[in-house]
file input_3.txt (compact mmCIF, C-alpha atoms)
# COMPACT_ATOMS: atom_id res chain seq x y z
CA MET T 61 146.50 -58.29 23.10
CA SER T 62 142.95 -58.32 24.48
CA VAL T 63 141.36 -56.52 27.37
CA HIS T 64 138.30 -57.13 29.52
CA ILE T 65 136.15 -54.20 30.61
CA ASP T 66 133.50 -54.73 33.26
CA ASP T 67 130.48 -53.15 31.62
CA GLN T 68 128.61 -52.49 34.84
CA THR T 69 131.56 -50.69 36.42
CA TYR T 70 132.05 -48.31 33.52
CA ARG T 71 128.33 -47.70 33.10
CA GLY T 72 128.53 -46.53 36.68
CA TYR T 73 131.23 -44.04 35.73
CA LEU T 74 129.14 -42.76 32.82
CA THR T 75 126.07 -42.46 35.05
CA ARG T 76 128.05 -40.30 37.49
CA ILE T 77 129.19 -38.10 34.61
CA ILE T 78 125.63 -37.68 33.35
CA SER T 79 124.20 -36.89 36.79
CA ALA T 80 126.93 -34.42 37.76
CA PRO T 81 125.36 -31.13 38.95
CA ASP T 82 127.78 -28.81 37.13
CA GLU T 83 130.56 -28.73 34.54
CA ALA T 84 133.36 -28.95 37.10
CA SER T 85 131.83 -32.05 38.67
CA ARG T 86 131.21 -33.56 35.25
CA ASN T 87 134.82 -33.03 34.22
CA GLU T 88 136.03 -34.50 37.52
CA ALA T 89 133.89 -37.61 37.00
CA ALA T 90 135.11 -37.97 33.41
CA ASP T 91 138.72 -37.62 34.52
CA ALA T 92 138.15 -40.34 37.14
CA MET T 93 136.89 -42.69 34.42
CA ILE T 94 139.94 -42.02 32.27
CA VAL T 95 142.22 -42.67 35.25
CA ALA T 96 140.46 -46.00 35.85
CA LEU T 97 140.90 -46.99 32.19
CA HIS T 98 144.56 -46.00 32.39
CA LYS T 99 145.21 -47.97 35.58
CA ALA T 100 143.58 -51.03 34.04
CA GLU T 101 145.94 -50.57 31.04
CA VAL T 102 142.93 -50.48 28.73
CA LEU T 103 144.07 -47.34 26.92
CA GLU T 104 147.60 -48.67 26.42
CA ILE T 105 146.34 -51.98 25.03
CA TRP T 106 144.00 -50.19 22.64
CA GLY T 107 146.81 -47.86 21.56
CA ARG T 108 149.20 -50.74 20.92
CA ASN T 109 146.52 -52.67 19.02
CA LEU T 110 145.76 -49.74 16.73
CA THR T 111 149.46 -49.07 16.18
CA SER T 112 149.85 -52.64 14.95
CA ARG T 113 146.58 -52.66 13.00
CA TYR T 114 147.49 -49.58 10.98
CA GLY T 115 151.07 -50.71 10.36
CA ARG T 116 152.64 -47.81 12.22
CA PRO T 117 156.15 -47.98 13.72
CA HIS T 118 156.08 -49.67 17.11
CA ASP T 119 157.37 -46.61 18.95
CA GLU T 120 154.32 -44.57 17.88
CA TRP T 121 152.00 -46.43 20.26
CA GLU T 122 152.25 -43.75 22.96
CA GLU T 123 151.26 -41.00 20.55
CA ILE T 124 148.36 -43.03 19.19
CA THR T 125 147.28 -43.82 22.75
CA ALA T 126 147.33 -40.09 23.56
CA VAL T 127 145.11 -39.36 20.53
CA LEU T 128 142.48 -41.96 21.43
CA THR T 129 142.58 -40.98 25.12
CA GLU T 130 141.93 -37.34 24.26
CA ALA T 131 139.04 -38.34 21.98
CA ILE T 132 137.44 -40.60 24.59
CA LEU T 133 137.78 -37.94 27.30
CA GLN T 134 136.09 -35.31 25.15
CA HIS T 135 133.35 -37.78 24.24
CA ILE T 136 132.44 -38.85 27.77
CA ARG T 137 132.50 -35.28 29.08
CA SER T 138 129.51 -34.53 26.85
CA PHE T 139 127.76 -37.87 27.42
CA THR T 140 123.97 -37.81 27.93
CA ALA T 141 121.38 -40.25 29.24
CA ASP T 142 120.17 -40.78 25.67
CA ASP T 143 123.71 -41.68 24.62
CA LEU T 144 124.01 -44.22 27.41
CA ALA T 145 120.69 -45.83 26.50
CA LYS T 146 122.01 -46.55 23.01
CA VAL T 147 125.25 -48.17 24.21
CA ARG T 148 125.27 -51.96 24.15
CA THR T 149 128.72 -52.42 25.65
CA VAL T 150 130.75 -49.55 27.01
CA GLY T 151 134.09 -51.05 26.02
CA SER T 152 133.19 -51.46 22.35
CA HIS T 153 131.60 -48.02 22.23
CA LEU T 154 134.65 -46.26 23.65
CA PHE T 155 137.11 -48.28 21.56
CA PHE T 156 135.40 -47.39 18.28
CA ARG T 157 135.15 -43.74 19.31
CA GLY T 158 138.90 -43.71 19.96
CA LYS T 159 139.57 -45.67 16.76
CA GLU T 160 137.71 -43.07 14.68
CA ALA T 161 139.85 -40.31 16.14
CA VAL T 162 143.06 -42.24 15.45
CA THR T 163 141.97 -42.88 11.85
CA ARG T 164 141.31 -39.17 11.28
CA TRP T 165 144.62 -38.31 12.93
CA LEU T 166 146.56 -40.76 10.76
CA ASP T 167 144.92 -39.30 7.65
CA SER T 168 146.16 -35.85 8.63
CA PRO T 169 148.96 -34.46 6.44
CA ALA T 170 150.55 -33.22 9.65
CA VAL T 171 151.09 -36.82 10.77
CA THR T 172 152.94 -37.72 7.57
CA PHE T 173 155.28 -34.79 8.11
CA ALA T 174 155.68 -35.63 11.80
CA SER T 175 156.57 -39.23 11.01
CA GLU T 176 159.26 -38.08 8.58
CA MET T 177 160.78 -35.70 11.09
CA SER T 178 160.70 -38.06 14.05
CA GLY T 179 162.14 -40.84 11.90
CA ILE T 180 165.10 -38.69 10.90
CA SER T 181 165.71 -37.67 14.49
CA ARG T 182 165.38 -41.25 15.79
CA ARG T 183 167.73 -42.76 13.20
CA ASN T 184 170.34 -40.10 13.87
CA ARG T 185 170.25 -40.82 17.61
CA ILE T 186 170.60 -44.56 16.92
CA ALA T 187 173.61 -43.91 14.68
CA GLY T 188 175.17 -41.67 17.33
CA ALA T 189 174.78 -44.34 20.01
CA ALA T 190 176.31 -46.95 17.69
CA ILE T 191 179.30 -44.72 16.98
CA ARG T 192 179.98 -44.38 20.70
CA GLU T 193 179.69 -48.13 21.27
CA LEU T 194 181.99 -48.97 18.35
CA ARG T 195 184.49 -46.28 19.32
CA SER T 196 184.72 -47.89 22.77
CA SER T 197 185.03 -51.46 21.51
CA LEU T 198 187.36 -50.78 18.56
CA GLY T 199 189.53 -48.15 20.20
CA ARG T 200 189.24 -45.93 17.14
CA GLU T 201 186.73 -43.92 15.15
CA PRO T 202 184.48 -46.36 13.22
CA GLU T 203 183.98 -46.08 9.47
CA VAL T 204 180.54 -45.02 8.26
CA GLN T 205 179.78 -48.43 6.75
CA GLU T 206 180.85 -50.14 9.96
CA VAL T 207 178.24 -48.13 11.84
CA VAL T 208 175.54 -48.92 9.27
CA ASN T 209 176.35 -52.65 9.36
CA TYR T 210 176.46 -52.67 13.16
CA VAL T 211 173.05 -51.03 13.59
CA ASN T 212 171.29 -52.90 10.81
CA SER T 213 172.60 -56.34 11.79
CA ARG T 214 171.28 -55.85 15.33
CA ALA T 215 167.94 -54.56 14.03
CA LEU T 216 167.50 -57.50 11.65
CA GLU T 217 168.41 -59.91 14.43
CA ASN T 218 166.09 -58.45 17.08
CA ARG T 219 163.06 -57.29 15.09
CA LYS T 220 160.52 -59.28 13.13
CA ASN T 221 160.29 -56.71 10.36
CA ALA T 222 163.07 -54.17 10.73
CA VAL T 223 162.36 -52.58 7.36
CA LYS T 224 158.66 -51.98 8.04
CA GLN T 225 159.42 -50.69 11.54
CA GLY T 226 161.90 -48.13 10.19
CA ALA T 227 164.74 -49.57 12.25
CA LEU T 228 167.38 -49.66 9.49
CA ILE T 229 169.74 -46.76 8.87
CA THR T 230 171.81 -45.61 5.90
CA ALA T 231 175.10 -43.76 5.51
CA ALA T 232 173.08 -40.52 5.39
CA ASP T 233 172.12 -41.08 9.03
CA VAL T 234 175.77 -41.48 10.01
CA ASP T 235 178.02 -39.20 7.96
CA GLY T 236 175.78 -36.15 7.90
CA PHE T 237 174.87 -36.26 4.20
CA MET T 238 171.52 -34.44 3.86
CA LEU T 239 171.69 -33.87 7.61
CA HIS T 240 172.41 -30.68 9.43
CA THR T 241 172.06 -29.39 12.96
CA TYR T 242 169.40 -26.78 13.45
CA SER T 243 168.14 -25.01 16.53
CA ILE T 244 164.47 -24.45 17.27
CA ASP T 245 164.12 -21.14 19.03
CA TYR T 246 160.77 -20.04 20.41
CA SER T 247 159.91 -16.62 21.80
CA SER T 248 156.83 -16.76 24.02
CA ASP T 249 156.58 -12.96 23.87
CA GLU T 250 156.33 -12.68 20.12
CA GLY T 251 154.81 -16.08 19.45
CA ASN T 252 156.70 -16.45 16.17
CA LEU T 253 159.14 -18.84 14.65
CA ALA T 254 162.44 -17.20 15.49
CA ASP T 255 164.51 -15.79 12.67
CA SER T 256 167.30 -18.21 13.57
CA PHE T 257 165.14 -21.29 13.00
CA GLY T 258 166.87 -23.41 10.39
CA THR T 259 170.29 -21.86 10.89
CA PRO T 260 173.32 -24.03 11.71
CA ASP T 261 174.00 -24.39 15.41
CA ASP T 262 176.00 -26.65 17.69
CA GLY T 263 172.77 -27.33 19.55
CA ASN T 264 170.66 -30.23 20.42
CA VAL T 265 168.28 -31.28 17.65
CA THR T 266 169.46 -32.90 14.43
CA VAL T 267 167.06 -32.86 11.51
CA GLN T 268 167.25 -33.29 7.78
CA ALA T 269 167.99 -30.02 6.01
CA GLU T 270 164.95 -30.47 3.81
CA VAL T 271 162.72 -30.66 6.89
CA ALA T 272 164.09 -27.43 8.35
CA LEU T 273 163.52 -25.71 5.01
CA THR T 274 159.96 -27.07 4.89
CA VAL T 275 159.19 -25.69 8.35
CA SER T 276 160.52 -22.30 7.27
CA GLN T 277 158.25 -22.42 4.22
CA LEU T 278 155.32 -23.38 6.45
CA GLY T 279 155.92 -20.26 8.51
CA ALA T 280 155.76 -18.08 5.42
CA LEU T 281 152.60 -19.85 4.22
CA ALA T 282 150.97 -19.33 7.62
CA ARG T 283 151.40 -15.58 7.29
CA THR T 284 149.71 -15.71 3.88
CA LEU T 285 146.83 -17.94 4.96
CA PHE T 286 145.97 -16.55 8.37
CA GLY T 287 147.12 -12.93 8.31
CA PRO T 288 149.61 -11.25 10.66
CA GLU T 289 147.75 -11.62 13.98
CA ARG T 290 146.41 -15.15 13.68
CA SER T 291 149.50 -16.46 11.90
CA ALA T 292 151.57 -15.60 14.99
CA GLU T 293 149.47 -18.08 16.99
CA VAL T 294 149.68 -20.70 14.24
CA GLN T 295 153.47 -20.35 13.98
CA ALA T 296 153.89 -20.54 17.75
CA THR T 297 151.82 -23.73 17.80
CA LEU T 298 153.80 -25.11 14.86
CA THR T 299 157.05 -24.46 16.72
CA LEU T 300 155.77 -26.32 19.79
CA TRP T 301 154.46 -29.11 17.55
CA VAL T 302 157.83 -29.53 15.83
CA SER T 303 159.72 -29.63 19.12
CA HIS T 304 157.41 -32.35 20.45
CA VAL T 305 157.72 -34.39 17.28
CA LEU T 306 161.51 -34.27 17.34
CA ALA T 307 161.50 -35.23 21.02
CA GLN T 308 159.22 -38.21 20.20
CA GLU T 309 156.50 -36.80 22.46
CA PRO T 310 152.73 -36.78 21.80
CA VAL T 311 151.37 -33.52 20.41
CA THR T 312 148.06 -33.19 22.26
CA ALA T 313 145.58 -30.43 23.02
CA VAL T 314 146.57 -30.79 26.67
CA ALA T 315 150.21 -30.00 25.87
CA VAL T 316 149.24 -27.01 23.73
CA GLY T 317 146.84 -25.72 26.38
CA LEU T 318 149.45 -25.94 29.13
CA LYS T 319 152.13 -24.26 27.01
CA PHE T 320 150.03 -21.25 26.04
CA GLY T 321 147.67 -21.07 29.02
CA ILE T 322 144.55 -21.54 26.91
CA SER T 323 141.45 -23.73 27.16
CA ARG T 324 141.28 -27.21 25.70
CA ARG T 325 138.83 -26.01 23.05
CA ALA T 326 141.19 -23.22 21.99
CA ALA T 327 144.10 -25.69 21.92
CA VAL T 328 142.13 -28.06 19.67
CA ALA T 329 141.42 -25.12 17.34
CA ARG T 330 145.12 -24.27 17.18
CA LEU T 331 146.04 -27.85 16.28
CA SER T 332 143.32 -27.77 13.64
CA ASP T 333 144.95 -24.65 12.16
CA VAL T 334 148.30 -26.47 12.01
CA ASN T 335 146.62 -29.29 10.12
CA LYS T 336 145.00 -26.82 7.70
CA LEU T 337 148.43 -25.32 7.15
CA MET T 338 149.83 -28.77 6.32
CA GLU T 339 146.95 -29.43 3.90
CA ALA T 340 147.53 -26.15 2.10
CA PHE T 341 151.27 -26.82 1.91
CA ARG T 342 150.73 -30.30 0.46
CA ALA T 343 148.18 -28.99 -2.06
CA ALA T 344 150.58 -26.26 -3.20
CA HIS T 345 153.40 -28.76 -3.75
CA ASP T 346 151.16 -31.29 -5.53
CA GLU T 347 150.23 -28.77 -8.22
call {"tool": "encode", "arguments": {"input": "input_3.txt", "output": "structure tokens"}}
result
Amino acid sequence: MSVHIDDQTYRGYLTRIISAPDEASRNEAADAMIVALHKAEVLEIWGRNLTSRYGRPHDEWEEITAVLTEAILQHIRSFTADDLAKVRTVGSHLFFRGKEAVTRWLDSPAVTFASEMSGISRRNRIAGAAIRELRSSLGREPEVQEVVNYVNSRALENRKNAVKQGALITAADVDGFMLHTYSIDYSSDEGNLADSFGTPDDGNVTVQAEVALTVSQLGALARTLFGPERSAEVQATLTLWVSHVLAQEPVTAVAVGLKFGISRRAAVARLSDVNKLMEAFRAAHDE
């Protein structure tokens, strides 16, 4: 997939950003440039390209696109005349800025954990849909292996590399082995992971028991690392982060800012704290 960017047009956008009389006008001009890139499908094409380049599952392209979009927006909002003078082609400059952000994001320990969680959730939903389809066609409750064979045969038939794309399921995704239903409860007043997080429930999100236990351990580690007051913010952000991951939604500074009513800069800092928490957790378990 390739994309053409008219250099003169987007230099014009950058010039308007640079010449804006105040911060509000600058942000408005930057937002207009992002909207133009979005309408031209430039950001989507870049996101899909990077998803493929880094061997990520196909369905992660939206999240990767959100990461690069956020990075490009922050970059152009602080653009200067000196910056513009050094740019040979706007398209290449913006692409590599977004690519750097995606690379850093993929190296984050938080992403590894997120991929594991979303993969578990996705495979369980696929198995559930297959059970319903087989129940309808067979007129009875399907056997576990029938569900596995049904899903995997379709995946192998319709995907170029079903294994690499994480499209195959196992009996564990069907019969509940190493799976349990857990509820994610969030209290906006206290800002903490609720005591009931990780307890069995008839609710809505299915995750691997190990993952729920890990999140509980992360909450305890947050209290040790950040102290009582700051850890409450970190745990609240972690709860939001987990819910987005399980819902297969991008976890961006915009989402965090809207949820907690804080500035973009403060939201970025909160996500950075979550990543530090993941790094500390991984280091502790590698010892």
call {"tool": "closest_residue", "arguments": {"input": "input_3.txt", "among": "T:His98, T:Arg164, T:Arg200, T:Arg86", "to": "Gln134 in chain T", "atoms": "only C-alpha atoms"}}
result
T:Arg86
call {"tool": "closest_residue", "arguments": {"input": "input_3.txt", "among": "T:Gly317, T:Gly115, T:Pro202, T:Gly158", "to": "Ala131 in chain T", "atoms": "only C-alpha atoms"}}
result
T:Gly158
call {"tool": "residues_near_point", "arguments": {"input": "input_3.txt", "point": "(149.8, -50.4, 19.2)", "cutoff": "12 Å", "atoms": "only C-alpha atoms", "output": "VMD selection string"}}
result
chain T and resid 61 to 62 102 to 126 128 159 162
call {"tool": "atom_distance", "arguments": {"input": "input_3.txt", "atom1": "CA of Leu133 in chain T", "atom2": "CA of Trp301 in chain T"}}
result
21.2 Å
call {"tool": "closest_residue", "arguments": {"input": "input_3.txt", "among": "T:Phe341, T:Arg324, T:Ala92, T:Ala329", "to": "Thr284 in chain T", "atoms": "all atoms listed in the file"}}
result
T:Phe341
call {"tool": "atom_distance", "arguments": {"input": "input_3.txt", "atom1": "CA of Ile77 in chain T", "atom2": "CA of Phe320 in chain T"}}
result
28.1 Å
call {"tool": "atom_distance", "arguments": {"input": "input_3.txt", "atom1": "CA of Leu166 in chain T", "atom2": "CA of Lys220 in chain T"}}
result
23.3 Å
